[in-house]
Amino acid sequence: SYSVTGVQTCALPILERLLPGKGRLLDVGCALGFYLEVAKDRGWRVSGMDISDYAVDFARERLGIEEVYRGTVETLDFPREHFDAIICSLVFEHFLDPRACLAKMTGWLRPGGYLALKIPHAGGVMCRFTPERWFASHPDNHFCDYTPETLNRLFLSAGIWPTEWLTEGIYPERFADALELEDEQRSAFLELPGLREKYQAFAARHLLGDSLVMFGRKL
């Protein structure tokens with residue numbers, strides 16, 4: 001089964017607030033294309049790209065998404081200033097040359113268009129307090145982590161003005177790991193009434209989630 005999560009959950013309402021007219025949308029790393037299907041149903045003209053032949057074929061043949069291409073940012077190309085919005089979810093950390101890839105994606109955006117980027121968050125609870133678990137969770141082709149400050153500088157260097165950001169991946173269990181509680185203490189802590197809701201609100205307000213989502217407008 002497949003669920004539309006992460007940046008894909010939050011991106012469309014935010015992008016539609018920023019771009020009421022919608023327009024052309026590119027999903028970099030679109031997987032099976034279910035998010036493209038949702039966006040298409042909401043009135044976007046959609047395109048996608050993925051490294052998996054199976055995923056591309058599925059999106060084309062099972063979902064009827066015509067403009068889905070096999071390849072990467074490095075190997076594919078689109079006309080300059082072609083898209084109104086680009087979404088790149090949990091892909092950017094795998095780029096060997098993130099600055100060059102960001103510059104290329106920026107070239108595909110029209111002036112005033114928006115980039116929505118989701119990446120693992122080096123300022124989150126897991127990386128800050130249990131770094132050994134954080135780095136052990138990375139696959140071999142995960143090359144970079146970012147904080148809002150470092151990603152902000154990278155956006156600006158590419159001509160993207162950061163407009164808003166948030167964090168996701170907010171789990172009280174990871175905060176309990178950071179506290180190094182014994183098993184019984186951990187269980188008692190996690191069962192405190194209202195803990196999950198209060199912690200999620202606190203962590204969201206202070207950008208403590210383990211994934212970072214940033215939106216930026218092309219200048």
# chains A, B, ... in the order shown; residues from 1 in each chain; ligands from 1
call {"tool": "select_by_dssp", "arguments": {"residues": "chain A", "states": "helix (DSSP H, G or I)", "output": "MDAnalysis selection string"}}
result
chainID A and resid 7:18 34:41 53:61 92:94 98:108 125:129 131:136 148:157 172:179 183:190 195:205
call {"tool": "residues_around", "arguments": {"residues": "Gly21 in chain A", "least_positions_apart": "2", "cutoff": "12 Å", "atoms": "only C-alpha atoms", "output": "PDB file with N, CA and C atoms, in the first residue's frame"}}
result
ATOM      1  N   LEU A  15       1.296  25.497  -1.173  1.00  0.00           N
ATOM      2  CA  LEU A  15       1.569  25.981  -2.518  1.00  0.00           C
ATOM      3  C   LEU A  15       0.340  26.645  -3.132  1.00  0.00           C
ATOM      4  N   GLU A  16      -0.837  26.113  -2.858  1.00  0.00           N
ATOM      5  CA  GLU A  16      -2.057  26.704  -3.412  1.00  0.00           C
ATOM      6  C   GLU A  16      -2.385  28.032  -2.744  1.00  0.00           C
ATOM      7  N   ARG A  17      -1.935  28.225  -1.521  1.00  0.00           N
ATOM      8  CA  ARG A  17      -2.060  29.552  -0.894  1.00  0.00           C
ATOM      9  C   ARG A  17      -1.077  30.523  -1.534  1.00  0.00           C
ATOM     10  N   LEU A  18       0.131  30.030  -1.828  1.00  0.00           N
ATOM     11  CA  LEU A  18       1.152  30.885  -2.432  1.00  0.00           C
ATOM     12  C   LEU A  18       0.911  31.116  -3.919  1.00  0.00           C
ATOM     13  N   LEU A  19       0.315  30.122  -4.575  1.00  0.00           N
ATOM     14  CA  LEU A  19       0.054  30.178  -6.013  1.00  0.00           C
ATOM     15  C   LEU A  19      -1.417  29.849  -6.262  1.00  0.00           C
ATOM     16  N   GLY A  23      -1.002  25.803 -11.716  1.00  0.00           N
ATOM     17  CA  GLY A  23      -0.098  25.805 -12.859  1.00  0.00           C
ATOM     18  C   GLY A  23       0.613  24.484 -13.024  1.00  0.00           C
ATOM     19  N   ARG A  24       1.847  24.544 -13.515  1.00  0.00           N
ATOM     20  CA  ARG A  24       2.635  23.332 -13.778  1.00  0.00           C
ATOM     21  C   ARG A  24       3.409  22.935 -12.522  1.00  0.00           C
ATOM     22  N   LEU A  25       3.322  21.649 -12.181  1.00  0.00           N
ATOM     23  CA  LEU A  25       3.963  21.125 -10.973  1.00  0.00           C
ATOM     24  C   LEU A  25       4.853  19.946 -11.338  1.00  0.00           C
ATOM     25  N   ARG A  42      -6.601  18.088  -8.170  1.00  0.00           N
ATOM     26  CA  ARG A  42      -6.810  19.413  -7.586  1.00  0.00           C
ATOM     27  C   ARG A  42      -6.600  20.539  -8.599  1.00  0.00           C
ATOM     28  N   GLY A  43      -6.303  20.175  -9.847  1.00  0.00           N
ATOM     29  CA  GLY A  43      -6.229  21.183 -10.890  1.00  0.00           C
ATOM     30  C   GLY A  43      -4.847  21.556 -11.366  1.00  0.00           C
ATOM     31  N   TRP A  44      -3.798  20.875 -10.861  1.00  0.00           N
ATOM     32  CA  TRP A  44      -2.439  21.140 -11.329  1.00  0.00           C
ATOM     33  C   TRP A  44      -2.177  20.385 -12.630  1.00  0.00           C
ATOM     34  N   ARG A  45      -1.295  20.940 -13.464  1.00  0.00           N
ATOM     35  CA  ARG A  45      -0.759  20.224 -14.622  1.00  0.00           C
ATOM     36  C   ARG A  45       0.544  19.574 -14.161  1.00  0.00           C
ATOM     37  N   ASP A  84       5.712  26.116 -12.429  1.00  0.00           N
ATOM     38  CA  ASP A  84       5.289  27.071 -11.404  1.00  0.00           C
ATOM     39  C   ASP A  84       5.684  26.599 -10.010  1.00  0.00           C
ATOM     40  N   ALA A  85       5.820  25.295  -9.825  1.00  0.00           N
ATOM     41  CA  ALA A  85       6.192  24.740  -8.523  1.00  0.00           C
ATOM     42  C   ALA A  85       6.935  23.429  -8.726  1.00  0.00           C
ATOM     43  N   GLY A 113       8.024  31.410  -9.109  1.00  0.00           N
ATOM     44  CA  GLY A 113       7.614  30.044  -8.803  1.00  0.00           C
ATOM     45  C   GLY A 113       8.191  29.577  -7.478  1.00  0.00           C
TER      46      GLY A 113
END
call {"tool": "residues_around", "arguments": {"residues": "Ala59 in chain A", "least_positions_apart": "3", "cutoff": "9 Å", "atoms": "only C-alpha atoms", "output": "list in words"}}
result
Cys30, Ala31, Leu32, Gly33, Phe34, Leu36, Glu37, Gly48, Tyr54, Ala55, Val56, Arg62, Leu63, Gly64, Ile65, Glu66 and Val68 of chain A
call {"tool": "select_by_dssp", "arguments": {"residues": "range 17-217 of chain A", "states": "strand (DSSP E or B)", "output": "count of residues only"}}
result
51
call {"tool": "residues_around", "arguments": {"residues": "range 134-143 of chain A", "least_positions_apart": "6", "cutoff": "8 Å", "atoms": "only C-alpha atoms", "output": "PyMOL selection string"}}
result
chain A and resi 93-96+126-127
call {"tool": "closest_atom_pairs", "arguments": {"of": "range 30-143 of chain A", "to": "range 154-175 of chain A", "cutoff": "7 Å", "atoms": "only C-alpha atoms", "output": "Markdown table"}}
result
| residue | atom | partner | partner_atom | distance |
| --- | --- | --- | --- | --- |
| A:Leu102 | CA | A:Ala158 | CA | 6.8 |
| A:Ala103 | CA | A:Ala158 | CA | 5.5 |
| A:Thr106 | CA | A:Ala158 | CA | 7.0 |
| A:Val125 | CA | A:Phe175 | CA | 6.5 |
| A:Met126 | CA | A:Arg174 | CA | 6.2 |
call {"tool": "write_last_selection", "arguments": {"atoms": "C-alpha atoms", "output": "tab-separated table (two decimals), in the first residue's frame"}}
result
chain	number	residue	atom	x	y	z
A	102	LEU	CA	19.50	22.99	-6.83
A	103	ALA	CA	20.73	25.40	-9.49
A	106	THR	CA	15.87	26.60	-10.02
A	125	VAL	CA	15.85	15.69	18.36
A	126	MET	CA	17.29	12.47	16.95
call {"tool": "residues_around", "arguments": {"residues": "Leu207 in chain A", "least_positions_apart": "2", "cutoff": "9 Å", "atoms": "only C-alpha atoms", "output": "PDB file with C-alpha atoms, in the first residue's frame"}}
result
ATOM      1  CA  GLY A 123      18.591  20.157  14.035  1.00  0.00           C
ATOM      2  CA  GLY A 124      15.993  17.617  15.119  1.00  0.00           C
ATOM      3  CA  PRO A 148      17.126  25.687   8.573  1.00  0.00           C
ATOM      4  CA  TRP A 165       9.577  26.258   6.906  1.00  0.00           C
ATOM      5  CA  LEU A 166       8.357  23.643   9.322  1.00  0.00           C
ATOM      6  CA  THR A 167       9.493  20.309  10.698  1.00  0.00           C
ATOM      7  CA  GLU A 168       7.856  16.894  10.621  1.00  0.00           C
ATOM      8  CA  PHE A 202       6.128  22.097  21.461  1.00  0.00           C
ATOM      9  CA  ALA A 203       8.369  20.345  18.941  1.00  0.00           C
ATOM     10  CA  ALA A 204       6.565  21.896  15.980  1.00  0.00           C
ATOM     11  CA  ARG A 205       6.902  25.381  17.484  1.00  0.00           C
ATOM     12  CA  GLY A 209      11.139  17.373  14.112  1.00  0.00           C
ATOM     13  CA  ASP A 210      13.491  14.991  12.363  1.00  0.00           C
ATOM     14  CA  LEU A 212      12.715  19.745   7.621  1.00  0.00           C
TER      15      LEU A 212
END
call {"tool": "residues_around", "arguments": {"residues": "Lys118 in chain A", "least_positions_apart": "4", "cutoff": "8 Å", "atoms": "only C-alpha atoms", "output": "JSON, numbers by chain"}}
result
{"A": [6, 7, 88, 89, 90, 91, 92, 211, 212, 213, 214]}
call {"tool": "write_last_selection", "arguments": {"atoms": "N, CA and C atoms", "output": "PDB file, in the first residue's frame"}}
result
ATOM      1  N   GLY A   6       4.362  13.310   4.430  1.00  0.00           N
ATOM      2  CA  GLY A   6       5.487  14.224   4.460  1.00  0.00           C
ATOM      3  C   GLY A   6       5.208  15.525   3.735  1.00  0.00           C
ATOM      4  N   VAL A   7       6.201  15.957   2.956  1.00  0.00           N
ATOM      5  CA  VAL A   7       6.026  17.219   2.242  1.00  0.00           C
ATOM      6  C   VAL A   7       4.816  17.166   1.339  1.00  0.00           C
ATOM      7  N   CYS A  88      10.374  18.371  -4.037  1.00  0.00           N
ATOM      8  CA  CYS A  88      11.482  17.418  -3.957  1.00  0.00           C
ATOM      9  C   CYS A  88      11.499  16.881  -2.523  1.00  0.00           C
ATOM     10  N   SER A  89      10.961  15.682  -2.327  1.00  0.00           N
ATOM     11  CA  SER A  89      10.761  15.139  -0.982  1.00  0.00           C
ATOM     12  C   SER A  89      11.674  13.962  -0.707  1.00  0.00           C
ATOM     13  N   LEU A  90      12.579  14.145   0.260  1.00  0.00           N
ATOM     14  CA  LEU A  90      13.504  13.098   0.705  1.00  0.00           C
ATOM     15  C   LEU A  90      14.311  12.525  -0.457  1.00  0.00           C
ATOM     16  N   VAL A  91      14.777  13.437  -1.301  1.00  0.00           N
ATOM     17  CA  VAL A  91      15.635  13.101  -2.433  1.00  0.00           C
ATOM     18  C   VAL A  91      16.916  13.927  -2.399  1.00  0.00           C
ATOM     19  N   PHE A  92      16.806  15.175  -1.963  1.00  0.00           N
ATOM     20  CA  PHE A  92      17.912  16.127  -2.035  1.00  0.00           C
ATOM     21  C   PHE A  92      19.145  15.639  -1.282  1.00  0.00           C
ATOM     22  N   SER A 211      12.469  15.803  10.285  1.00  0.00           N
ATOM     23  CA  SER A 211      12.457  16.168   8.873  1.00  0.00           C
ATOM     24  C   SER A 211      12.181  17.668   8.757  1.00  0.00           C
ATOM     25  N   LEU A 212      12.859  18.307   7.841  1.00  0.00           N
ATOM     26  CA  LEU A 212      12.715  19.745   7.621  1.00  0.00           C
ATOM     27  C   LEU A 212      12.066  19.974   6.265  1.00  0.00           C
ATOM     28  N   VAL A 213      11.023  20.805   6.238  1.00  0.00           N
ATOM     29  CA  VAL A 213      10.349  21.177   4.995  1.00  0.00           C
ATOM     30  C   VAL A 213      10.506  22.679   4.812  1.00  0.00           C
ATOM     31  N   MET A 214      11.080  23.091   3.686  1.00  0.00           N
ATOM     32  CA  MET A 214      11.273  24.518   3.428  1.00  0.00           C
ATOM     33  C   MET A 214      10.656  24.882   2.080  1.00  0.00           C
TER      34      MET A 214
END
call {"tool": "atom_distance", "arguments": {"atom1": "CA of Val73 in chain A", "atom2": "CA of Gly216 in chain A"}}
result
18.4 Å
call {"tool": "closest_residue", "arguments": {"among": "A:Phe58, A:Phe215, A:Tyr114, A:Tyr146", "to": "His82 in chain A", "atoms": "only C-alpha atoms"}}
result
A:Tyr114
